[in-house]
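**Student:** Pasting a structure here, questions to come.
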Amino acid sequence: MRKMRPKVLSLTLALLLLSQCITGYASQQMNSFQKIRTYSPGIFNDIAPSDWFYSEVSNSYCYGITNGTDESKFSPYGLVSIAEALTFAVRVNCIYNSKSAPTPVSGQEWYMANVDYAVKNGIIKEDSFKNEYDKPATRSEMGYIFAKSLPFMEFENINIKIESIPDMKYDTLYYNEIIMLYRAGVITGNDEYGTFSPTANITRAEASAILNRIIDPTQRKTFVPASVPTAATPAPTPVKMDAVAISDNAGSGVFQIEIYDSSGEAVANGSGFFIEESGVAVTNYHVIEDASSAKAVTLDGNKYDISVVYGYDKTKDVAIIQVDGNGFTALKLGDSDKVQTGQRIFCVGSPLGLKNTISEGVVSNAKRTIEDMTFIQISAPISPGSSGGAVLNEQCEVIGISTAAFTNGQNLNLAVPSNVIPTITRGAGITLEKLFAPQPTQTPTPTPVTAQPSAYYKENNAVRDYTSVTGTPYLKRDINDKQIVSYTYSFNSDDFIAYAKALVADGYTLYKTETGTDYLDSYFVNGNQMVLISANARLNVIFVIFSASDNNNQNSGTNKTSYYPEVPEAPNYGTVTGARLLEKEARDTGGYMYVYSLDQDQVLKYIDLLYDEGFTLYDKTQNNQYGYLMYTYVKDNTIICVFISVGTNEVIIMPSQL
């Protein structure tokens, strides 16, 4: 045994010396991080010296790790994408190893050179995050990438008491990298327990703070996490508030939104509420839609610009916005999945411009499904202008966003569940003016053939311009990839009638009308032209919808397509797609209907051909209960109904003549 001791001692000494060599080498490498540029207040106009992240952003900028999203903005609340996280990590690795940063390759996405470097230098594995580079990074993905930016020996364990992460298991993906960053004091979690929230996204400001701790060990934090309460510890009984307490606690967190058009005139109002003290807020998408600018009016009467929109979902009717300023009252988001029918709720908003109006009611239905969307149905009264306001439970937690009311009912109102809010992907932010700017179209301007070309739409000189008839300018113009044009005008019944008469004077005939509680749709046909005039009393607008045409694309109907003998202008579905005819049946209204087996690709092929042959879509009917979808197309005097029945797995073609 005595003979063994010198060998063990020698080995221990050798390891100690090796450790000292590594430590010395590492420290020398860390000295590579030097400030290469200066930061002056005002370089980024969305960073103020009073912001908590001011020094974090300025430091990472001076070290050359981060840049702005454009020449004047840093977008501190914008979410970090996978590509950006890789770019930051590559810059750290290049500086540490005294390497030049990779140069973008012409013809590739801007980040691919960084991806290739990251794979080659072991930051990520090949095929990691493939086809996901543009999506926002989760906190765990960011931690994994940043942990690989330096050798592990540079992350000295200064928090030896951290043995686990409360909301991550040891076998969770990226666990080893995340706990290494905890122990190195690079990250400390978002509460006293060290909770990490691995699936949440991370902002550019937060990423800057983490990067500073990576490249400057003096900024790393020592941290002793508190013990997480065990299940045996009784949870505190939630305090229930009445309307007075709700108003006191939530009133300053809700604000009125004033909407302005391009001329700076106030045209509408709505509501919103803060979810972060820094001014990040929530409203309905329809509140800000088409706005050129907007302001938030808080309870104290102060007005703040709504600078950017971070993200939105038009279908779910939710938008995340930034109100310029800080120190606002942020409302706490509740769990809308736990909402129960019959529970007491409160609505705070600005109906009809009356700031911070509170109403009280109950949840009439916790999960009301309307047109494939799930809402919370509530009885608390809301009015126009309430949209975007907060629906709160008795703990003053936001469980919904006021969004709609049934005009023919008594207190039958709807709210978007609050759990939709975290699902909205946030980007760097875009101004309202840019977001809703009219989009240029590639449709060539047709050569007018009438004596008064200005009296007709530029997209189709067979359709009279609504403004030329009524003098009312359009509010919005849209054109989709099928060249269907839509103009929106403010509602006036006399204008509606005058325009309909103008179409009749131009040779159009009224083919069909559809009415509802708050709308009237009128279809006018003239040869192969169809125009839809839609009056919507609820939205207080009129739509004029028609097909764009360059008047040089007249299809002769002789392009290798066979037609149904009963309707010579109707392309034969079986010939076009190769589908087998299952059944042919005479219709009571005349003509035949043809039944084929359902194949989605074949249906799309047939519909594309109808567009090529000059048919126009003028009606679409869907019934989810019975599982069918019907499209109706018109050209000249020919109508083709394409009826898709999911229940029977059939597609039915019904051609006929007007």
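A note on labels: chains of the structure tokens are A, B, ... as shown, every chain counts residues from 1, and ligands are counted from 1 in their shown order.
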Could you list, with a cut-off of 12 Å and counting only C-alpha atoms, the residues of stretch 157-246 of chain A near stretch 325-348 of chain A, each shown with its nearest atom pair and the distance in Å rounded to one decimal, rows sorted by chain and ascending number, as a tab-separated table?

**Tutor:**
```
residue	atom	partner	partner_atom	distance
A:Lys240	CA	A:Arg344	CA	10.0
A:Met241	CA	A:Phe346	CA	10.2
A:Asp242	CA	A:Phe346	CA	9.0
A:Ala243	CA	A:Phe346	CA	7.2
A:Val244	CA	A:Phe346	CA	10.6
A:Ala245	CA	A:Phe346	CA	10.9
A:Ile246	CA	A:Phe346	CA	7.8
```

**Student:** Let's have the selection written as a PDB file, in the first residue's frame, with all heavy atoms.

**Tutor:**
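Contents of the output file again_17.pdb:
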```pdb
ATOM      1  N   LYS A 240     -62.118  36.616  -2.342  1.00  0.00           N
ATOM      2  CA  LYS A 240     -63.117  37.030  -3.314  1.00  0.00           C
ATOM      3  C   LYS A 240     -63.385  38.521  -3.162  1.00  0.00           C
ATOM      4  O   LYS A 240     -63.551  39.022  -2.058  1.00  0.00           O
ATOM      5  CB  LYS A 240     -64.408  36.233  -3.127  1.00  0.00           C
ATOM      6  CG  LYS A 240     -64.267  34.751  -3.462  1.00  0.00           C
ATOM      7  CD  LYS A 240     -65.613  34.043  -3.364  1.00  0.00           C
ATOM      8  CE  LYS A 240     -65.475  32.575  -3.755  1.00  0.00           C
ATOM      9  NZ  LYS A 240     -66.784  31.861  -3.710  1.00  0.00           N
ATOM     10  N   MET A 241     -63.426  39.200  -4.288  1.00  0.00           N
ATOM     11  CA  MET A 241     -63.635  40.643  -4.275  1.00  0.00           C
ATOM     12  C   MET A 241     -65.021  40.976  -4.816  1.00  0.00           C
ATOM     13  O   MET A 241     -65.556  40.274  -5.675  1.00  0.00           O
ATOM     14  CB  MET A 241     -62.572  41.345  -5.136  1.00  0.00           C
ATOM     15  CG  MET A 241     -61.143  41.090  -4.720  1.00  0.00           C
ATOM     16  SD  MET A 241     -59.987  42.066  -5.731  1.00  0.00           S
ATOM     17  CE  MET A 241     -58.428  41.290  -5.272  1.00  0.00           C
ATOM     18  N   ASP A 242     -65.564  42.094  -4.334  1.00  0.00           N
ATOM     19  CA  ASP A 242     -66.804  42.593  -4.900  1.00  0.00           C
ATOM     20  C   ASP A 242     -66.480  43.606  -5.989  1.00  0.00           C
ATOM     21  O   ASP A 242     -65.306  43.858  -6.303  1.00  0.00           O
ATOM     22  CB  ASP A 242     -67.691  43.201  -3.815  1.00  0.00           C
ATOM     23  CG  ASP A 242     -67.018  44.360  -3.075  1.00  0.00           C
ATOM     24  OD1 ASP A 242     -65.973  44.869  -3.565  1.00  0.00           O
ATOM     25  OD2 ASP A 242     -67.528  44.769  -2.018  1.00  0.00           O
ATOM     26  N   ALA A 243     -67.523  44.203  -6.574  1.00  0.00           N
ATOM     27  CA  ALA A 243     -67.315  45.121  -7.690  1.00  0.00           C
ATOM     28  C   ALA A 243     -66.468  46.320  -7.294  1.00  0.00           C
ATOM     29  O   ALA A 243     -65.662  46.824  -8.085  1.00  0.00           O
ATOM     30  CB  ALA A 243     -68.666  45.571  -8.243  1.00  0.00           C
ATOM     31  N   VAL A 244     -66.635  46.807  -6.049  1.00  0.00           N
ATOM     32  CA  VAL A 244     -65.856  47.957  -5.594  1.00  0.00           C
ATOM     33  C   VAL A 244     -64.371  47.617  -5.552  1.00  0.00           C
ATOM     34  O   VAL A 244     -63.521  48.370  -6.041  1.00  0.00           O
ATOM     35  CB  VAL A 244     -66.341  48.422  -4.205  1.00  0.00           C
ATOM     36  CG1 VAL A 244     -65.444  49.542  -3.680  1.00  0.00           C
ATOM     37  CG2 VAL A 244     -67.787  48.900  -4.275  1.00  0.00           C
ATOM     38  N   ALA A 245     -64.048  46.442  -4.987  1.00  0.00           N
ATOM     39  CA  ALA A 245     -62.639  46.031  -4.890  1.00  0.00           C
ATOM     40  C   ALA A 245     -62.052  45.754  -6.267  1.00  0.00           C
ATOM     41  O   ALA A 245     -60.888  46.086  -6.543  1.00  0.00           O
ATOM     42  CB  ALA A 245     -62.526  44.793  -4.003  1.00  0.00           C
ATOM     43  N   ILE A 246     -62.847  45.143  -7.150  1.00  0.00           N
ATOM     44  CA  ILE A 246     -62.374  44.874  -8.505  1.00  0.00           C
ATOM     45  C   ILE A 246     -62.046  46.182  -9.211  1.00  0.00           C
ATOM     46  O   ILE A 246     -60.995  46.326  -9.855  1.00  0.00           O
ATOM     47  CB  ILE A 246     -63.433  44.089  -9.314  1.00  0.00           C
ATOM     48  CG1 ILE A 246     -63.597  42.669  -8.768  1.00  0.00           C
ATOM     49  CG2 ILE A 246     -63.059  44.048 -10.793  1.00  0.00           C
ATOM     50  CD1 ILE A 246     -62.427  41.753  -9.004  1.00  0.00           C
TER      51      ILE A 246
END
```

**Student:** Would you mind listing, for every residue of stretch 244-362 of chain A within 12 Å of stretch 537-541 of chain A, the two atoms forming the shortest contact and the distance between them in Å to one decimal, using only C-alpha atoms, sorted by chain and ascending residue number, as a tab-separated table?

**Tutor:**
```
residue	atom	partner	partner_atom	distance
A:Ala268	CA	A:Leu539	CA	11.7
A:His286	CA	A:Leu539	CA	10.6
A:Val287	CA	A:Leu539	CA	11.8
```

**Student:** Would you mind listing what lies within 10 Å of A:Ser293 as a PyMOL selection string, with only C-alpha atoms counted and same-chain residues fewer than 3 positions away left out?

**Tutor:** chain A and resi 258-266+288+290+305-308+431-434+436
